[in-house]
>>> print(open('data-v1.txt').read())   # compact mmCIF, C-alpha atoms
# COMPACT_ATOMS: atom_id res chain seq x y z
CA MET A 1438 76.92 156.31 -14.75
CA ARG A 1439 74.08 153.91 -13.94
CA ARG A 1440 76.33 152.02 -11.53
CA ASN A 1441 77.04 155.24 -9.55
CA GLN A 1442 73.36 156.12 -9.38
CA ARG A 1443 72.48 152.64 -8.14
CA PHE A 1444 75.28 152.79 -5.56
CA ALA A 1445 74.10 156.20 -4.30
CA ARG A 1446 70.49 154.94 -4.08
CA ASP A 1447 71.59 151.86 -2.15
CA ALA A 1448 73.78 153.95 0.16
CA THR A 1449 70.89 156.29 0.88
CA SER A 1450 68.62 153.38 1.72
CA ALA A 1451 71.23 151.85 4.00
CA MET A 1452 71.94 155.11 5.85
CA SER A 1453 68.40 156.28 6.45
CA GLY A 1454 66.80 152.88 6.91
CA THR A 1455 63.97 153.79 4.54
CA PRO A 1456 63.45 152.87 0.92
CA ALA A 1457 64.88 155.31 -1.60
CA VAL A 1458 61.96 154.98 -4.01
CA GLY A 1459 60.71 158.40 -5.13
CA ARG A 1460 63.45 160.35 -3.33
CA ASN A 1461 66.17 162.51 -4.78
CA THR A 1462 69.49 160.87 -3.91
CA ALA A 1463 71.44 164.13 -3.89
CA THR A 1464 68.96 165.74 -1.52
CA GLU A 1465 69.00 162.78 0.85
CA LEU A 1466 72.80 162.69 0.94
CA THR A 1467 72.88 166.43 1.57
CA LYS A 1468 70.49 166.01 4.49
CA GLU A 1469 72.67 163.20 5.84
CA ARG A 1470 75.74 165.44 5.68
CA ASN A 1471 73.85 168.26 7.39
CA ARG A 1472 72.72 165.86 10.10
CA LEU A 1473 76.29 164.72 10.71
CA ALA A 1474 77.49 168.34 10.77
CA ALA A 1475 74.83 169.16 13.36
CA ASP A 1476 76.01 166.22 15.48
CA ARG A 1477 79.64 167.37 15.25
CA THR A 1478 78.61 170.89 16.24
CA LEU A 1479 76.73 169.56 19.26
CA MET A 1480 79.78 167.52 20.29
CA ALA A 1481 81.96 170.64 20.02
CA TRP A 1482 79.55 172.54 22.26
CA ILE A 1483 79.56 169.68 24.76
CA ARG A 1484 83.37 169.89 24.92
CA THR A 1485 83.27 173.67 25.30
CA SER A 1486 80.62 173.50 28.02
CA LEU A 1487 82.54 170.84 29.94
CA SER A 1488 85.65 173.03 29.77
CA LEU A 1489 83.78 176.05 31.11
CA ILE A 1490 82.16 174.03 33.89
CA GLY A 1491 85.47 172.37 34.82
CA PHE A 1492 87.27 175.71 34.88
CA GLY A 1493 84.57 177.21 37.08
CA PHE A 1494 84.75 174.20 39.40
CA GLY A 1495 88.52 174.64 39.67
CA ILE A 1496 88.13 178.30 40.57
CA GLY A 1497 85.52 177.32 43.18
CA LYS A 1498 87.99 174.85 44.71
CA VAL A 1499 90.61 177.62 44.90
CA TYR A 1500 88.02 179.69 46.76
CA GLU A 1501 87.42 176.80 49.19
CA TYR A 1502 91.16 176.38 49.74
CA LEU A 1503 91.70 180.08 50.43
CA LYS A 1504 88.76 180.04 52.82
CA SER A 1505 90.05 176.98 54.71
CA VAL A 1506 93.54 178.48 55.07
CA GLY A 1507 92.03 181.70 56.38
CA ILE A 1508 93.62 184.15 53.95
CA HIS A 1509 90.57 184.57 51.75
CA ASP A 1510 88.96 187.51 53.58
CA SER A 1511 92.08 189.64 53.40
CA VAL A 1512 92.77 188.83 49.73
CA ASP A 1513 89.24 188.78 48.31
CA PRO A 1514 86.80 190.79 50.44
CA ILE A 1515 84.00 190.87 47.83
CA ARG A 1516 84.29 187.13 47.14
CA SER A 1517 84.99 187.67 43.46
CA THR A 1518 86.59 184.22 43.24
CA LEU A 1519 83.32 182.51 44.13
CA ILE A 1520 81.31 184.71 41.78
CA PHE A 1521 83.88 184.24 39.00
CA GLY A 1522 83.83 180.44 39.31
CA SER A 1523 80.04 180.32 39.50
CA SER A 1524 79.83 182.49 36.38
CA PHE A 1525 81.87 179.99 34.38
CA ILE A 1526 79.75 177.09 35.61
CA GLY A 1527 76.53 178.95 34.78
CA LEU A 1528 77.80 179.97 31.34
CA GLY A 1529 78.80 176.38 30.57
CA MET A 1530 75.36 175.12 31.55
CA LEU A 1531 73.56 177.80 29.52
CA ALA A 1532 75.74 177.14 26.47
CA LEU A 1533 74.96 173.43 26.68
CA ILE A 1534 71.21 174.06 26.97
CA ALA A 1535 71.33 176.45 23.99
CA ALA A 1536 73.33 173.92 21.94
CA VAL A 1537 70.83 171.13 22.64
CA ILE A 1538 67.93 173.40 21.66
CA GLN A 1539 69.73 174.45 18.47
CA HIS A 1540 70.52 170.82 17.60
CA THR A 1541 66.88 169.79 18.11
CA ARG A 1542 65.65 172.62 15.88
CA ILE A 1543 68.13 171.72 13.14
CA LEU A 1544 66.99 168.09 13.19
CA GLN A 1545 63.34 169.14 13.01
CA ARG A 1546 64.06 171.38 10.01
CA LEU A 1547 65.96 168.60 8.26
CA GLU A 1548 62.98 166.27 8.63
CA ALA A 1549 60.63 168.76 7.01
CA PRO A 1550 59.88 167.96 3.35
CA ASP A 1551 60.36 171.60 2.34
CA TYR A 1552 63.74 172.10 4.03
CA ALA A 1553 65.20 175.55 3.50
CA TYR A 1554 68.20 177.11 5.22
CA ASN A 1555 67.38 179.69 7.87
CA ALA A 1556 70.12 181.49 9.73
CA MET A 1557 69.79 180.92 13.46
CA ARG A 1558 71.10 183.07 16.28
CA PRO A 1559 74.73 182.15 16.76
CA ILE A 1560 75.42 180.68 20.17
CA THR A 1561 79.10 181.48 19.70
CA VAL A 1562 78.57 185.23 19.72
CA THR A 1563 76.41 185.03 22.84
CA VAL A 1564 79.00 182.93 24.69
CA ALA A 1565 81.79 185.27 23.56
CA ILE A 1566 79.92 188.30 24.91
CA MET A 1567 79.26 186.51 28.20
CA LEU A 1568 82.95 185.55 28.48
CA LEU A 1569 83.86 189.18 27.84
CA MET A 1570 81.61 190.25 30.70
CA ILE A 1571 83.04 187.58 33.02
CA GLY A 1572 86.56 188.68 32.04
CA ALA A 1573 85.70 192.32 32.79
CA PHE A 1574 84.35 191.29 36.19
CA GLY A 1575 87.52 189.28 36.84
CA LEU A 1576 89.68 192.28 35.93
CA VAL A 1577 87.72 194.51 38.29
CA GLY A 1578 88.02 191.85 41.01
CA ILE A 1579 91.80 191.73 40.58
CA LEU A 1580 92.22 195.50 40.54
CA LEU A 1581 90.22 196.01 43.75
>>> encode(input="data-v1.txt", output="structure tokens")
Amino acid sequence: MRRNQRFARDATSAMSGTPAVGRNTATELTKERNRLAADRTLMAWIRTSLSLIGFGFGIGKVYEYLKSVGIHDSVDPIRSTLIFGSSFIGLGMLALIAAVIQHTRILQRLEAPDYAYNAMRPITVTVAIMLLMIGAFGLVGILL
């Protein structure tokens, strides 16, 4: 048992770069896992935001192509393609900003000596609602 405790103390010191004297090893390892989970969550939001921005950019290029060929005005008189593509780009940017803010807040809470879990507003629900609104606008644009 002593060997495991010494190993955990040494691992904590090596990971955090600070001495483990006077610290609870279990708490420090838990904070390290939470930190890594926050980093993975941020990376997932970066991927999601890049996908939204790339999809919006692709829709914008379709708009440019239709405009250059000259069939855009007859097919899309309210320019829903441009608005639709811009909506995806804007949503991707807002999701990325919200994810960075959430990540920063999580790291600040983890550094606090009296860390306690607080539920934050879920970015996922907000993005899902925005995608639902963009989808509804796209449906209206297709039906008109």
>>> residues_around(input="data-v1.txt", residues="region 1516-1523 of chain A", least_positions_apart="2", cutoff="7 Å", atoms="all atoms listed in the file", output="list in words")
Gly1493, Phe1494, Ile1496, Gly1497, Tyr1500, Asp1513, Pro1514, Phe1525, Ile1526, Gly1527, Ile1571, Gly1575 and Gly1578 of chain A
>>> atom_distance(input="data-v1.txt", atom1="CA of Val1564 (chain A)", atom2="CA of Val1499 (chain A)")
23.9 Å
>>> residues_around(input="data-v1.txt", residues="Leu1487 (chain A)", least_positions_apart="6", cutoff="9 Å", atoms="all atoms listed in the file", output="MDAnalysis selection string")
chainID A and resid 1526 1529:1530 1533
>>> closest_residue(input="data-v1.txt", among="A:Tyr1552, A:Gln1545, A:Ile1534, A:Val1562", to="Thr1467 (chain A)", atoms="only C-alpha atoms")
A:Tyr1552
>>> atom_distance(input="data-v1.txt", atom1="CA of Thr1462 (chain A)", atom2="CA of Leu1547 (chain A)")
14.8 Å
>>> residues_around(input="data-v1.txt", residues="region 1468-1483 of chain A", least_positions_apart="3", cutoff="12 Å", atoms="only C-alpha atoms", output="NGL selection string")
:A and (1448-1454 or 1460-1465 or 1486-1491 or 1528-1554 or 1559-1561 or 1564)
>>> decode(input="data-v1.txt", residues="region 1486-1523 of chain A", atoms="N, CA and C atoms", output="PDB file, in the first residue's frame")
ATOM      1  N   SER A1486     -17.201  23.570 -34.395  1.00  0.00           N
ATOM      2  CA  SER A1486     -17.223  24.928 -34.938  1.00  0.00           C
ATOM      3  C   SER A1486     -16.603  24.974 -36.328  1.00  0.00           C
ATOM      4  N   LEU A1487     -15.493  24.271 -36.512  1.00  0.00           N
ATOM      5  CA  LEU A1487     -14.877  24.224 -37.839  1.00  0.00           C
ATOM      6  C   LEU A1487     -15.809  23.586 -38.861  1.00  0.00           C
ATOM      7  N   SER A1488     -16.547  22.570 -38.457  1.00  0.00           N
ATOM      8  CA  SER A1488     -17.509  21.945 -39.366  1.00  0.00           C
ATOM      9  C   SER A1488     -18.614  22.911 -39.752  1.00  0.00           C
ATOM     10  N   LEU A1489     -19.149  23.631 -38.772  1.00  0.00           N
ATOM     11  CA  LEU A1489     -20.201  24.607 -39.064  1.00  0.00           C
ATOM     12  C   LEU A1489     -19.686  25.718 -39.975  1.00  0.00           C
ATOM     13  N   ILE A1490     -18.504  26.226 -39.680  1.00  0.00           N
ATOM     14  CA  ILE A1490     -17.933  27.302 -40.496  1.00  0.00           C
ATOM     15  C   ILE A1490     -17.647  26.797 -41.911  1.00  0.00           C
ATOM     16  N   GLY A1491     -17.085  25.603 -42.029  1.00  0.00           N
ATOM     17  CA  GLY A1491     -16.798  25.035 -43.350  1.00  0.00           C
ATOM     18  C   GLY A1491     -18.061  24.781 -44.158  1.00  0.00           C
ATOM     19  N   PHE A1492     -19.102  24.299 -43.501  1.00  0.00           N
ATOM     20  CA  PHE A1492     -20.371  24.070 -44.182  1.00  0.00           C
ATOM     21  C   PHE A1492     -20.969  25.389 -44.655  1.00  0.00           C
ATOM     22  N   GLY A1493     -20.915  26.400 -43.812  1.00  0.00           N
ATOM     23  CA  GLY A1493     -21.419  27.716 -44.213  1.00  0.00           C
ATOM     24  C   GLY A1493     -20.628  28.306 -45.364  1.00  0.00           C
ATOM     25  N   PHE A1494     -19.303  28.109 -45.335  1.00  0.00           N
ATOM     26  CA  PHE A1494     -18.457  28.585 -46.426  1.00  0.00           C
ATOM     27  C   PHE A1494     -18.815  27.880 -47.731  1.00  0.00           C
ATOM     28  N   GLY A1495     -19.063  26.575 -47.655  1.00  0.00           N
ATOM     29  CA  GLY A1495     -19.469  25.824 -48.847  1.00  0.00           C
ATOM     30  C   GLY A1495     -20.784  26.317 -49.413  1.00  0.00           C
ATOM     31  N   ILE A1496     -21.742  26.605 -48.564  1.00  0.00           N
ATOM     32  CA  ILE A1496     -23.019  27.139 -49.022  1.00  0.00           C
ATOM     33  C   ILE A1496     -22.813  28.515 -49.654  1.00  0.00           C
ATOM     34  N   GLY A1497     -21.930  29.322 -49.062  1.00  0.00           N
ATOM     35  CA  GLY A1497     -21.625  30.636 -49.643  1.00  0.00           C
ATOM     36  C   GLY A1497     -21.006  30.514 -51.019  1.00  0.00           C
ATOM     37  N   LYS A1498     -20.154  29.511 -51.224  1.00  0.00           N
ATOM     38  CA  LYS A1498     -19.557  29.296 -52.550  1.00  0.00           C
ATOM     39  C   LYS A1498     -20.609  28.857 -53.563  1.00  0.00           C
ATOM     40  N   VAL A1499     -21.588  28.064 -53.125  1.00  0.00           N
ATOM     41  CA  VAL A1499     -22.693  27.688 -54.019  1.00  0.00           C
ATOM     42  C   VAL A1499     -23.448  28.950 -54.433  1.00  0.00           C
ATOM     43  N   TYR A1500     -23.676  29.842 -53.486  1.00  0.00           N
ATOM     44  CA  TYR A1500     -24.329  31.115 -53.792  1.00  0.00           C
ATOM     45  C   TYR A1500     -23.534  31.893 -54.843  1.00  0.00           C
ATOM     46  N   GLU A1501     -22.213  31.976 -54.662  1.00  0.00           N
ATOM     47  CA  GLU A1501     -21.361  32.685 -55.620  1.00  0.00           C
ATOM     48  C   GLU A1501     -21.429  32.044 -57.007  1.00  0.00           C
ATOM     49  N   TYR A1502     -21.441  30.717 -57.041  1.00  0.00           N
ATOM     50  CA  TYR A1502     -21.507  30.011 -58.322  1.00  0.00           C
ATOM     51  C   TYR A1502     -22.837  30.284 -59.019  1.00  0.00           C
ATOM     52  N   LEU A1503     -23.934  30.187 -58.282  1.00  0.00           N
ATOM     53  CA  LEU A1503     -25.245  30.460 -58.880  1.00  0.00           C
ATOM     54  C   LEU A1503     -25.340  31.891 -59.367  1.00  0.00           C
ATOM     55  N   LYS A1504     -24.727  32.801 -58.645  1.00  0.00           N
ATOM     56  CA  LYS A1504     -24.738  34.210 -59.045  1.00  0.00           C
ATOM     57  C   LYS A1504     -23.909  34.424 -60.314  1.00  0.00           C
ATOM     58  N   SER A1505     -22.748  33.765 -60.413  1.00  0.00           N
ATOM     59  CA  SER A1505     -21.892  33.941 -61.587  1.00  0.00           C
ATOM     60  C   SER A1505     -22.494  33.318 -62.838  1.00  0.00           C
ATOM     61  N   VAL A1506     -23.259  32.236 -62.683  1.00  0.00           N
ATOM     62  CA  VAL A1506     -23.906  31.592 -63.822  1.00  0.00           C
ATOM     63  C   VAL A1506     -25.126  32.390 -64.273  1.00  0.00           C
ATOM     64  N   GLY A1507     -25.706  33.141 -63.357  1.00  0.00           N
ATOM     65  CA  GLY A1507     -26.847  33.980 -63.694  1.00  0.00           C
ATOM     66  C   GLY A1507     -28.194  33.358 -63.418  1.00  0.00           C
ATOM     67  N   ILE A1508     -28.242  32.203 -62.772  1.00  0.00           N
ATOM     68  CA  ILE A1508     -29.538  31.578 -62.484  1.00  0.00           C
ATOM     69  C   ILE A1508     -29.982  31.807 -61.040  1.00  0.00           C
ATOM     70  N   HIS A1509     -29.194  32.552 -60.298  1.00  0.00           N
ATOM     71  CA  HIS A1509     -29.497  32.721 -58.877  1.00  0.00           C
ATOM     72  C   HIS A1509     -30.769  33.520 -58.651  1.00  0.00           C
ATOM     73  N   ASP A1510     -30.988  34.604 -59.387  1.00  0.00           N
ATOM     74  CA  ASP A1510     -32.142  35.465 -59.132  1.00  0.00           C
ATOM     75  C   ASP A1510     -33.462  34.755 -59.397  1.00  0.00           C
ATOM     76  N   SER A1511     -33.482  33.861 -60.374  1.00  0.00           N
ATOM     77  CA  SER A1511     -34.729  33.159 -60.657  1.00  0.00           C
ATOM     78  C   SER A1511     -34.978  32.021 -59.669  1.00  0.00           C
ATOM     79  N   VAL A1512     -33.919  31.444 -59.125  1.00  0.00           N
ATOM     80  CA  VAL A1512     -34.061  30.311 -58.208  1.00  0.00           C
ATOM     81  C   VAL A1512     -34.222  30.767 -56.760  1.00  0.00           C
ATOM     82  N   ASP A1513     -33.523  31.814 -56.378  1.00  0.00           N
ATOM     83  CA  ASP A1513     -33.487  32.242 -54.978  1.00  0.00           C
ATOM     84  C   ASP A1513     -33.664  33.756 -54.878  1.00  0.00           C
ATOM     85  N   PRO A1514     -34.900  34.246 -55.036  1.00  0.00           N
ATOM     86  CA  PRO A1514     -35.083  35.701 -55.060  1.00  0.00           C
ATOM     87  C   PRO A1514     -34.817  36.393 -53.720  1.00  0.00           C
ATOM     88  N   ILE A1515     -34.973  35.692 -52.587  1.00  0.00           N
ATOM     89  CA  ILE A1515     -34.746  36.354 -51.298  1.00  0.00           C
ATOM     90  C   ILE A1515     -33.340  36.117 -50.769  1.00  0.00           C
ATOM     91  N   ARG A1516     -32.500  35.505 -51.589  1.00  0.00           N
ATOM     92  CA  ARG A1516     -31.102  35.231 -51.242  1.00  0.00           C
ATOM     93  C   ARG A1516     -30.966  34.392 -49.967  1.00  0.00           C
ATOM     94  N   SER A1517     -31.815  33.405 -49.857  1.00  0.00           N
ATOM     95  CA  SER A1517     -31.776  32.547 -48.667  1.00  0.00           C
ATOM     96  C   SER A1517     -30.472  31.745 -48.596  1.00  0.00           C
ATOM     97  N   THR A1518     -29.859  31.463 -49.744  1.00  0.00           N
ATOM     98  CA  THR A1518     -28.609  30.710 -49.739  1.00  0.00           C
ATOM     99  C   THR A1518     -27.523  31.489 -49.015  1.00  0.00           C
ATOM    100  N   LEU A1519     -27.427  32.771 -49.300  1.00  0.00           N
ATOM    101  CA  LEU A1519     -26.415  33.613 -48.652  1.00  0.00           C
ATOM    102  C   LEU A1519     -26.688  33.736 -47.153  1.00  0.00           C
ATOM    103  N   ILE A1520     -27.933  33.937 -46.799  1.00  0.00           N
ATOM    104  CA  ILE A1520     -28.296  34.063 -45.386  1.00  0.00           C
ATOM    105  C   ILE A1520     -28.071  32.739 -44.664  1.00  0.00           C
ATOM    106  N   PHE A1521     -28.409  31.636 -45.316  1.00  0.00           N
ATOM    107  CA  PHE A1521     -28.249  30.305 -44.737  1.00  0.00           C
ATOM    108  C   PHE A1521     -26.775  30.013 -44.471  1.00  0.00           C
ATOM    109  N   GLY A1522     -25.924  30.279 -45.454  1.00  0.00           N
ATOM    110  CA  GLY A1522     -24.484  30.054 -45.277  1.00  0.00           C
ATOM    111  C   GLY A1522     -23.890  30.949 -44.210  1.00  0.00           C
ATOM    112  N   SER A1523     -24.284  32.203 -44.200  1.00  0.00           N
ATOM    113  CA  SER A1523     -23.788  33.143 -43.186  1.00  0.00           C
ATOM    114  C   SER A1523     -24.236  32.738 -41.784  1.00  0.00           C
TER     115      SER A1523
END
